[in-house]
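Chemist: The file below is query.txt, compact mmCIF, C-alpha atoms:
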# COMPACT_ATOMS: atom_id res chain seq x y z
CA ALA A 1 1.74 -0.92 0.88
CA VAL A 2 4.15 -2.09 3.54
CA ALA A 3 5.58 -0.16 6.47
CA LEU A 4 9.00 1.38 5.87
CA TYR A 5 11.74 1.53 8.46
CA PRO A 6 14.23 4.30 7.66
CA PRO A 7 16.99 4.92 10.26
CA ASN A 8 15.39 7.48 12.58
CA ASN A 9 17.47 9.38 15.11
CA TRP A 10 15.41 8.76 18.21
CA TRP A 11 17.42 11.25 20.27
CA ILE A 12 16.18 13.95 17.89
CA MET A 13 12.62 12.59 17.77
CA GLY A 14 12.60 12.26 21.56
CA SER A 15 13.56 15.93 21.73
CA VAL A 16 10.64 16.77 19.39
CA PHE A 17 8.20 15.06 21.77
CA ILE A 18 9.72 16.72 24.86
CA VAL A 19 9.58 20.17 23.24
CA PHE A 20 6.01 19.56 22.08
CA PHE A 21 4.77 18.75 25.59
CA THR A 22 6.91 21.27 27.49
CA PRO A 23 4.30 24.11 27.42
CA LEU A 24 1.74 21.70 28.85
CA ILE A 25 4.12 20.70 31.66
CA ILE A 26 5.26 24.19 32.63
CA THR A 27 1.88 25.92 32.18
CA LYS A 28 -0.96 25.43 34.64
CA ARG A 29 -3.67 27.22 32.67
CA LYS A 30 -6.86 25.33 31.92
CA THR A 31 -6.93 26.64 28.35
CA VAL A 32 -3.58 24.96 27.61
CA VAL A 33 -4.68 21.67 29.16
CA LEU A 34 -7.90 21.80 27.14
CA LEU A 35 -6.03 22.56 23.91
CA TYR A 36 -3.66 19.62 24.37
CA SER A 37 -6.52 17.32 25.38
CA VAL A 38 -8.47 18.16 22.21
CA GLN A 39 -5.45 17.92 19.89
CA LEU A 40 -3.73 14.89 21.41
CA LEU A 41 -5.72 12.31 19.42
CA ALA A 42 -5.05 14.17 16.17
CA ALA A 43 -1.34 14.36 17.03
CA PHE A 44 -1.19 10.62 17.67
CA ALA A 45 -3.13 9.75 14.49
CA LEU A 46 -0.89 11.92 12.31
CA PHE A 47 2.25 10.57 13.98
CA LYS A 48 1.11 7.02 13.15
CA TYR A 49 0.27 8.05 9.59
CA ALA A 50 3.57 9.87 9.05
CA PHE A 51 5.77 7.17 10.55
CA GLY A 52 3.93 4.32 8.86
CA ARG A 53 5.98 4.97 5.71
CA GLN A 54 8.03 8.11 6.46
CA GLU A 55 8.35 9.30 2.90
CA ASN A 56 7.60 12.72 1.44
CA LEU A 57 3.86 13.41 1.87
CA HIS A 58 3.54 11.00 4.79
CA SER A 59 6.33 12.71 6.73
CA LEU A 60 5.07 16.14 5.69
CA ALA A 61 1.69 15.44 7.33
CA PHE A 62 3.16 15.48 10.85
CA PHE A 63 5.27 18.58 10.08
CA ASN A 64 2.13 20.36 8.90
CA PHE A 65 0.36 19.35 12.10
CA LEU A 66 3.16 20.84 14.21
CA CYS A 67 2.83 24.12 12.27
CA TYR A 68 -0.94 24.08 12.66
CA PHE A 69 -0.69 23.35 16.40
CA ILE A 70 1.78 26.19 17.00
CA ILE A 71 -0.51 28.67 15.20
CA LEU A 72 -3.52 27.39 17.15
CA PHE A 73 -1.55 27.61 20.40
CA ALA A 74 -0.58 31.23 19.67
CA ILE A 75 -4.19 32.22 18.91
CA TYR A 76 -5.87 30.27 21.68
CA THR A 77 -3.42 31.21 24.45
CA ASN A 78 -2.61 34.77 23.41
CA LYS A 79 -2.03 35.93 26.99
CA LEU A 80 0.81 33.51 27.59
CA LYS A 81 4.39 34.65 27.50
CA SER A 82 6.11 34.30 24.14
CA TYR A 83 8.65 31.78 25.45
CA SER A 84 6.02 29.02 25.28
CA ILE A 85 5.57 29.62 21.56
CA MET A 86 9.34 29.87 21.07
CA ILE A 87 9.73 26.47 22.73
CA LEU A 88 7.16 24.94 20.38
CA LEU A 89 8.88 26.46 17.37
CA ILE A 90 12.03 24.50 18.22
CA SER A 91 10.16 21.28 17.33
CA LEU A 92 10.09 22.26 13.63
CA PRO A 93 13.86 22.32 12.90
CA LEU A 94 14.32 19.25 15.13
CA TYR A 95 11.75 17.28 13.14
CA TYR A 96 13.35 18.43 9.90
CA LEU A 97 16.75 17.23 11.17
CA ASN A 98 15.29 13.75 11.55
CA LEU A 99 13.84 13.92 8.03
CA ASN A 100 17.32 14.67 6.71
CA HIS A 101 18.74 11.85 8.80
CA ASN A 102 16.46 9.10 7.47
CA LYS A 103 17.07 10.04 3.80
CA THR A 104 13.49 9.37 2.67
CA PHE A 105 12.28 12.97 2.42
CA ASN A 106 13.13 14.89 -0.75
CA ILE A 107 10.40 17.48 -1.29
CA SER A 108 10.12 21.08 -0.18
CA LEU A 109 8.57 21.99 3.15
CA ILE A 110 7.32 25.27 1.69
CA PRO A 111 3.80 25.02 0.23
CA LYS A 112 3.45 25.94 -3.42
CA TYR A 113 1.03 28.73 -4.14
CA GLY A 114 0.00 29.52 -7.68
CA GLY A 115 -0.64 33.18 -7.15
CA ILE A 116 -2.30 35.56 -9.60
CA SER A 117 -0.99 33.78 -12.71
CA THR A 118 -2.54 30.45 -11.66
CA PHE A 119 -5.85 32.14 -10.76
CA ASN A 120 -5.89 33.81 -14.17
CA LYS A 121 -5.10 30.53 -15.95
CA ASN A 122 -7.51 28.29 -14.02
CA VAL A 123 -10.43 30.67 -13.40
CA ILE A 124 -10.40 33.70 -15.67
CA ARG A 125 -9.30 31.67 -18.70
CA TYR A 126 -11.20 28.55 -17.66
CA ASN A 127 -12.26 27.46 -21.16
CA SER A 128 -8.69 27.37 -22.47
CA PHE A 129 -7.57 25.66 -19.25
CA LYS A 130 -10.26 23.01 -19.74
CA HIS A 131 -9.38 22.50 -23.41
CA GLU A 132 -5.68 22.20 -22.59
CA ASN A 133 -6.27 19.47 -20.01
CA ILE A 134 -8.72 17.53 -22.19
CA THR A 135 -6.14 17.56 -24.98
CA LEU A 136 -3.43 16.40 -22.57
CA SER A 137 -5.66 13.59 -21.26
CA LYS A 138 -6.41 12.37 -24.78
CA GLU A 139 -2.71 12.39 -25.60
CA ASN A 140 -1.87 10.37 -22.48
CA LEU A 141 -4.67 7.89 -23.13
CA LYS A 142 -3.24 7.06 -26.57
CA LEU A 143 -0.75 4.84 -24.73
CA ASN A 144 -3.66 2.60 -23.69
CA ILE A 145 -5.26 2.08 -27.08
CA LEU A 146 -5.55 -1.69 -27.53
CA PRO A 147 -4.91 -3.59 -30.77
CA LYS A 148 -8.01 -3.78 -32.97
CA LYS A 149 -8.11 -7.56 -32.51
CA PHE A 150 -8.53 -7.15 -28.73
CA VAL A 151 -11.29 -4.55 -29.12
CA ASP A 152 -13.17 -6.65 -31.67
CA ILE A 153 -13.10 -9.69 -29.36
CA ILE A 154 -14.40 -7.68 -26.39
CA GLY A 155 -17.07 -5.81 -28.34
CA LYS A 156 -19.85 -4.58 -26.05
CA LYS A 157 -19.31 -7.26 -23.42
CA SER A 158 -18.26 -6.34 -19.88
CA ILE A 159 -14.62 -6.06 -18.87
CA ASP A 160 -12.58 -5.31 -15.75
CA PHE A 161 -8.92 -4.36 -15.35
CA PHE A 162 -6.19 -5.68 -13.07
CA PRO A 163 -3.94 -4.79 -11.35
CA TRP A 164 -2.97 -1.19 -12.13
CA ASP A 165 -4.24 1.02 -14.92
CA LEU A 166 -8.04 1.30 -15.12
CA THR A 167 -8.25 3.81 -17.97
CA TYR A 168 -8.21 1.37 -20.91
CA PHE A 169 -11.99 1.58 -21.15
CA ILE A 170 -11.89 5.29 -22.09
CA PRO A 171 -9.89 5.32 -25.37
CA ASN A 172 -11.25 1.89 -26.39
CA GLN A 173 -14.88 2.67 -25.43
CA LEU A 174 -15.29 -0.55 -23.45
CA ASN A 175 -18.07 -1.64 -21.11
CA TYR A 176 -16.25 -1.30 -17.78
CA GLN A 177 -17.52 -3.44 -14.86
CA PRO A 178 -15.34 -2.62 -11.82
CA HIS A 179 -14.73 -4.87 -8.84
CA SER A 180 -15.05 -3.74 -5.21
CA PHE A 181 -11.57 -2.19 -4.96
CA LEU A 182 -9.44 -0.34 -7.48
CA GLN A 183 -5.72 -0.80 -7.90
CA SER A 184 -3.90 -3.73 -6.32
CA GLY A 185 -2.37 -3.68 -2.86
CA GLY A 186 -3.11 -2.23 0.57
CA TYR A 187 -6.77 -3.24 0.91
CA PRO A 188 -8.20 -5.03 3.96
CA PRO A 189 -8.87 -8.79 3.57
CA THR A 190 -12.65 -8.33 3.92
CA LEU A 191 -12.76 -6.01 0.90
CA VAL A 192 -10.50 -8.28 -1.17
CA SER A 193 -12.67 -11.29 -0.24
CA LYS A 194 -15.80 -9.35 -1.20
CA GLY A 195 -14.25 -8.60 -4.59
CA ALA A 196 -13.42 -12.29 -5.04
CA GLU A 197 -16.98 -13.31 -4.15
CA GLN A 198 -18.40 -10.84 -6.66
CA LEU A 199 -16.00 -12.13 -9.29
CA VAL A 200 -17.18 -15.70 -8.74
CA ALA A 201 -20.89 -14.83 -8.60
CA LYS A 202 -21.13 -12.40 -11.50
CA GLY A 203 -17.74 -11.42 -12.84
CA PRO A 204 -17.25 -9.55 -16.13
CA ASP A 205 -16.95 -11.38 -19.43
CA PHE A 206 -13.32 -10.33 -19.82
CA MET A 207 -10.40 -9.30 -17.64
CA LEU A 208 -7.49 -7.23 -18.93
CA TRP A 209 -4.29 -7.93 -16.98
CA GLU A 210 -1.61 -5.26 -17.35
CA LYS A 211 1.87 -6.82 -17.47
CA LYS A 212 4.18 -4.03 -16.34
CA LYS A 213 5.24 -1.73 -13.51
CA TRP A 214 6.94 -3.51 -10.62
CA LYS A 215 9.72 -6.13 -10.80
CA GLY A 216 8.47 -8.07 -13.79
CA GLU A 217 4.99 -9.24 -14.68
CA VAL A 218 3.98 -10.42 -11.21
CA GLY A 219 5.79 -7.89 -9.00
CA SER A 220 3.92 -5.33 -6.94
CA ILE A 221 4.60 -2.13 -5.04
CA ASP A 222 7.27 -2.21 -2.28
CA ASN A 223 8.81 -5.46 -3.55
CA GLN A 224 5.64 -7.48 -3.00
CA TYR A 225 4.47 -10.51 -4.99
CA LEU A 226 1.26 -9.79 -6.88
CA PHE A 227 -0.08 -13.25 -6.06
CA ASN A 228 0.13 -12.28 -2.37
CA THR A 229 -1.03 -8.66 -2.27
CA ASP A 230 -4.59 -9.62 -3.32
CA GLY A 231 -4.25 -13.38 -2.97
CA VAL A 232 -7.85 -14.58 -2.91
CA PHE A 233 -8.86 -12.21 -5.74
CA VAL A 234 -5.94 -13.31 -7.95
CA ARG A 235 -6.84 -16.91 -7.19
CA GLU A 236 -10.36 -16.43 -8.55
CA ILE A 237 -9.05 -14.67 -11.67
CA LEU A 238 -6.90 -17.73 -12.37
CA ASN A 239 -9.80 -19.99 -11.47
CA TRP A 240 -12.46 -18.45 -13.72
CA TYR A 241 -10.53 -16.81 -16.54
CA GLU A 242 -8.23 -17.99 -19.30
CA ILE A 243 -5.82 -16.01 -21.50
CA ILE A 244 -7.03 -15.81 -25.09
CA GLU A 245 -4.81 -12.99 -26.43
CA GLU A 246 -1.73 -11.19 -25.15
CA ASN A 247 1.16 -8.96 -26.12
CA ASN A 248 4.12 -7.51 -24.24
CA LYS A 249 1.93 -5.04 -22.36
CA VAL A 250 -1.36 -6.76 -21.53
CA ALA A 251 -3.09 -10.13 -21.44
CA LEU A 252 -6.78 -10.50 -22.35
CA LEU A 253 -8.59 -13.11 -20.26
CA GLU A 254 -12.03 -14.54 -21.01
CA ARG A 255 -14.41 -15.90 -18.40
CA LYS A 256 -15.10 -19.64 -18.50
CA THR A 257 -18.23 -21.50 -17.49
CA ASN A 258 -16.66 -23.49 -14.68
CA GLY A 259 -13.84 -22.90 -12.24
CA ARG A 260 -10.67 -24.84 -13.08
CA LEU A 261 -8.49 -24.43 -10.01
CA ARG A 262 -7.92 -27.21 -7.49
CA LEU A 263 -6.16 -25.86 -4.43
CA ASP A 264 -4.30 -27.50 -1.58
CA SER A 265 -3.39 -25.84 1.69
CA ILE A 266 -1.13 -26.75 4.55
CA LYS A 267 -1.92 -26.77 8.27
CA GLN A 268 1.00 -26.14 10.56
CA SER A 269 2.02 -24.11 13.60
CA VAL A 270 5.42 -22.44 13.73
CA ASN A 271 6.75 -21.07 16.99
CA LYS A 272 8.95 -18.38 15.48
CA PHE A 273 9.95 -16.58 12.34
CA ASP A 274 12.96 -17.67 10.23
CA THR A 275 11.86 -21.31 10.16
CA TRP A 276 11.70 -23.20 6.87
CA ILE A 277 8.33 -24.89 6.23
CA SER A 278 8.61 -27.83 3.84
CA LEU A 279 6.11 -28.26 1.01
CA SER A 280 5.82 -31.94 0.21
CA SER A 281 3.08 -31.50 -2.40
CA GLU A 282 3.71 -30.33 -5.96
CA SER A 283 0.10 -29.18 -6.34
CA ILE A 284 -1.15 -25.59 -6.18
CA ILE A 285 -0.98 -24.34 -2.60
CA GLN A 286 -2.41 -21.19 -1.03
CA SER A 287 -2.79 -20.75 2.73
CA THR A 288 -3.78 -18.12 5.26
CA ILE A 289 -1.41 -17.23 8.10
CA LYS A 290 -2.39 -15.89 11.49
CA VAL A 291 0.27 -14.18 13.60
CA ILE A 292 -0.09 -14.75 17.34
CA PRO A 293 1.71 -11.70 18.76
CA THR A 294 3.39 -11.26 22.12
CA PHE A 295 2.14 -8.54 24.46
CA LYS A 296 5.25 -6.46 23.70
CA ARG A 297 4.49 -6.60 19.99
CA LYS A 298 0.87 -5.51 20.55
CA ILE A 299 2.02 -2.44 22.47
CA ILE A 300 4.65 -1.39 19.92
CA GLN A 301 2.27 -2.03 17.03
CA ALA A 302 -0.43 0.09 18.69
CA LEU A 303 1.86 2.99 19.55
CA TYR A 304 4.22 2.92 16.56
CA LYS A 305 3.62 0.79 13.45
CA THR A 306 3.29 -2.73 12.16
CA PRO A 307 6.39 -4.80 11.49
CA ARG A 308 7.70 -5.61 8.03
CA PRO A 309 7.52 -9.38 7.51
CA SER A 310 8.75 -11.06 4.35
CA ILE A 311 8.39 -14.47 2.72
CA ASP A 312 11.22 -16.50 1.19
CA TYR A 313 10.56 -19.12 -1.49
CA LEU A 314 13.11 -21.95 -1.71
CA LEU A 315 12.84 -23.30 -5.25
CA GLU A 316 13.80 -26.80 -6.36
CA ASP A 317 16.99 -25.48 -7.94
CA SER A 318 18.02 -24.09 -4.49
CA THR A 319 17.32 -20.49 -5.54
CA VAL A 320 15.76 -18.32 -2.82
CA VAL A 321 13.32 -15.59 -3.90
CA SER A 322 12.18 -13.04 -1.30
CA TYR A 323 9.22 -10.68 -1.19
CA GLU A 324 7.81 -8.24 1.34
CA ILE A 325 4.35 -9.06 2.71
CA THR A 326 1.81 -7.45 5.01
CA GLU A 327 -0.18 -9.01 7.83
CA SER A 328 -3.40 -8.24 5.95
CA ALA A 329 -2.05 -10.25 2.99
CA MET A 330 -1.16 -13.09 5.37
CA ARG A 331 -4.71 -13.14 6.68
CA SER A 332 -6.15 -12.96 3.15
CA GLY A 333 -4.01 -15.84 1.86
CA LEU A 334 -0.46 -16.23 0.55
CA TRP A 335 0.55 -18.11 -2.59
CA PHE A 336 2.99 -20.94 -1.80
CA ASN A 337 3.28 -23.12 -4.88
CA PRO A 338 4.11 -22.96 -7.75
CA TYR A 339 6.26 -19.84 -7.98
CA ILE A 340 4.79 -18.11 -11.05
CA GLU A 341 7.07 -15.59 -12.76
CA ARG A 342 4.89 -14.46 -15.66
CA VAL A 343 1.18 -13.92 -16.19
CA ASN A 344 -0.42 -17.20 -17.24
CA THR A 345 -3.59 -19.12 -16.49
CA ASP A 346 -2.04 -22.57 -16.90
CA PHE A 347 -0.33 -22.28 -13.50
CA GLU A 348 3.07 -22.71 -15.09
CA GLY A 349 5.87 -22.01 -12.66
CA LYS A 350 8.70 -23.41 -10.61
CA ASN A 351 8.02 -25.87 -7.82
CA VAL A 352 8.67 -24.51 -4.33
CA SER A 353 10.40 -26.83 -1.87
CA ALA A 354 9.88 -24.70 1.25
CA VAL A 355 8.79 -21.27 2.43
CA ARG A 356 10.07 -19.17 5.33
CA PHE A 357 8.71 -16.10 7.08
CA SER A 358 11.18 -13.50 8.28
CA GLN A 359 10.85 -10.29 10.23
CA GLU A 360 13.74 -7.96 9.60
CA ASN A 361 12.89 -5.29 12.13
CA TRP A 362 11.56 -7.00 15.22
CA GLY A 363 12.68 -10.62 15.14
CA GLY A 364 11.04 -13.69 16.58
CA GLY A 365 10.78 -12.32 20.13
CA TYR A 366 7.68 -10.41 19.12
CA CYS A 367 5.70 -13.43 17.94
CA ASN A 368 4.43 -16.39 19.95
CA LYS A 369 3.29 -18.48 17.00
CA LEU A 370 2.35 -18.52 13.33
CA GLU A 371 -0.78 -20.54 12.51
CA ILE A 372 -0.92 -21.68 8.88
CA ASN A 373 -4.21 -22.97 7.48
What does this structure look like when you write it as C-alpha cells?
Modeler:
Amino acid sequence: AVALYPPNNWWIMGSVFIVFFTPLIITKRKTVVLLYSVQLLAAFALFKYAFGRQENLHSLAFFNFLCYFIILFAIYTNKLKSYSIMILLISLPLYYLNLNHNKTFNISLIPKYGGISTFNKNVIRYNSFKHENITLSKENLKLNILPKKFVDIIGKKSIDFFPWDLTYFIPNQLNYQPHSFLQSGGYPPTLVSKGAEQLVAKGPDFMLWEKKKWKGEVGSIDNQYLFNTDGVFVREILNWYEIIEENNKVALLERKTNGRLRLDSIKQSVNKFDTWISLSSESIIQSTIKVIPTFKRKIIQALYKTPRPSIDYLLEDSTVVSYEITESAMRSGLWFNPYIERVNTDFEGKNVSAVRFSQENWGGGYCNKLEIN
C-alpha cells in the first residue's frame, strides 16, 4: 500500500501537539516527566502509523492513543490539579476537527460493544453461533467453486494462488502450497525475493491467477500496477508458468520444465524526478531503482512518512499511463516493457517508448539522484 496525502490542517494538528505537551511543560513533577518519557515512543510510532495512510482505522489508532494517554495521565498523576487533564482533553476535539478536514475518515469514534445480546449469541448459544457462521462461510465459498475442467486438470497436484483470494482450495479441495507471503502488495523486497526464489526452486505444479478487483486484470490496490507491486515474483510466474485454461474470472497456469523469460535491463542515472527515460529496446525490460535522497528528505521521511512516487509509461501511440509505486517496489524491480494490460504468459502488450518517475508531494528537491539498474 502507498502513503496517502489528504489535505491536513497543520494549524489544527500543531495545536494538538502543543496541547499534548503542555502538561509536561507547565508541570515540574518527576512522575509527569517519567510518564511522558515512557509514552513518547509509543506516541511517535502511532502518529507515524496513523498518518501513513490517514484513513479510518489508521487515523483512529492515534485518537485511541490520545484517549488512553489521558486516562493513564489521570490515574498516574491523581494529585495534580484538574486543569492539566482538561488541557489534554482539548486534544481530542482538535484531532477530530482535522479528521473532518481531510475527508478520509468516515467511521464512528465510539467503540461498538455487543452487550448482553452478543454475549448470549456468541457464548451461551455457541453451537448455533458456530453453525450459523459455518453455513455463511460455505455460502460465500460457493463463489470460488472452479469449473470441473479446472479441478480435473489440477487433481491432487500442488497449487498456489495469486494475487488476491486464497480460499479457492477450500471448496475445490485442492492441494494448496503457499508462497512466502500472502496477498499482493506492501511486502518488503527481501520477502518478495524469497518468494521468487522458492518459486524457482520448488514452485507448485499449478498457479491460479485471479483476474479481478483493481482497475482491470493487472491493476492493484491504490492505483498500482500488479507487475510492479511484487515485480520479481510476478516475473518468475511469467518465467516458469504458462496459461492452459482461463475464463473471465481466473487463469490456470501450469509449471514448465524450463524458464522461458529473457530479460533486459537499463543502467542509467537520473538527477531528478519528472525526467523521461527513453527505452530503445523492444525486448522485455525490468529494472531496479535506487533513490538517493537529500538530507531534508531523510529527516521528513523519518519524522513523517514516505513520499508518493509514481511511474508514467509513454506508449508508442503517445498514450501516457500512470501508476502509483512505492520505494520498496522500486528496490524490488519495476516492469518497464512491454505494457501488459491483461493476464497472459506470452508477454503480449504495448511497446513502451519511455518511462518517467514523478513525485507529486515533494518534488525533485528531495532527491539527489535515481540509479536505475
Chemist: Taking 6 positions as the minimum chain separation for residues in the same chain, which residues sit within 7 Å of A:Val232 when counting all atoms listed in the file? Answer as a list in words.
Modeler: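 These residues fall inside the cut-off: Ser193, Ala196, Ser332 and Gly333 of chain A.
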Chemist: If we count all atoms listed in the file, what is near A:Tyr5 at a cut-off of 9 Å, once residues fewer than 5 positions away on the same chain are taken out, given as a VMD selection string?
Modeler: chain A and resid 51 to 54 102 307 to 308 361
Chemist: With only C-alpha atoms as the basis for distance, which of A:Asn344, A:Gln268, A:Gln173, A:Thr22 is at the shortest distance from A:Ile237?
Modeler: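 Ranked by minimum distance to A:Ile237, first place goes to A:Asn344.
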Chemist: How many Å separate atom CA of A:Phe44 from atom CA of A:Gly14?
Modeler: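 Answer for the atom CA of A:Phe44 to atom CA of A:Gly14 separation: 14.4 Å.
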Chemist: Could you please determine the separation between atom CA of A:Cys67 and atom CA of A:Leu92 in Å, to one decimal place?
Modeler: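 So the answer is 7.6 Å.
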Chemist: Please indicate the distance in Å from atom CA of A:Leu334 to atom CA of A:Pro178, rounded to one decimal place.
Modeler: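 Taking atom CA of A:Leu334 as the start and atom CA of A:Pro178 as the end point, the length is 23.7 Å.
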Chemist: Quick one: of A:Ile266, A:Val343, A:Ile277, A:Val38, who's nearest to A:Glu246, counting all atoms listed in the file?
Modeler: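 With all atoms listed in the file as the atom set, the closest residue is A:Val343.
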Chemist: Select, from A:Leu174, A:Ile221, A:Thr229, A:Pro7, the residue with the minimum atom-to-atom distance to A:Asn100, counting all atoms listed in the file.
Modeler: A:Pro7
Chemist: May I ask which of the residues A:Val250, A:Leu109, A:Leu279, A:Val16 is the closest one to A:Lys267, counting only C-alpha atoms?
Modeler: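 Closest to A:Lys267, using only C-alpha atoms: A:Leu279.
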Chemist: Pick from A:Tyr49, A:Glu341, A:Lys30, A:Val19: nearest to A:Ile85, with all atoms listed in the file counted?
Modeler: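 Looking only at the distances to A:Ile85, the closest residue turns out to be A:Val19.
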Chemist: Find, counting all atoms listed in the file, the residue in A:Trp11, A:Phe65, A:Phe273, A:Phe162 that gets nearest to A:Leu226.
Modeler: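 Result for the nearest residue to A:Leu226: A:Phe162.
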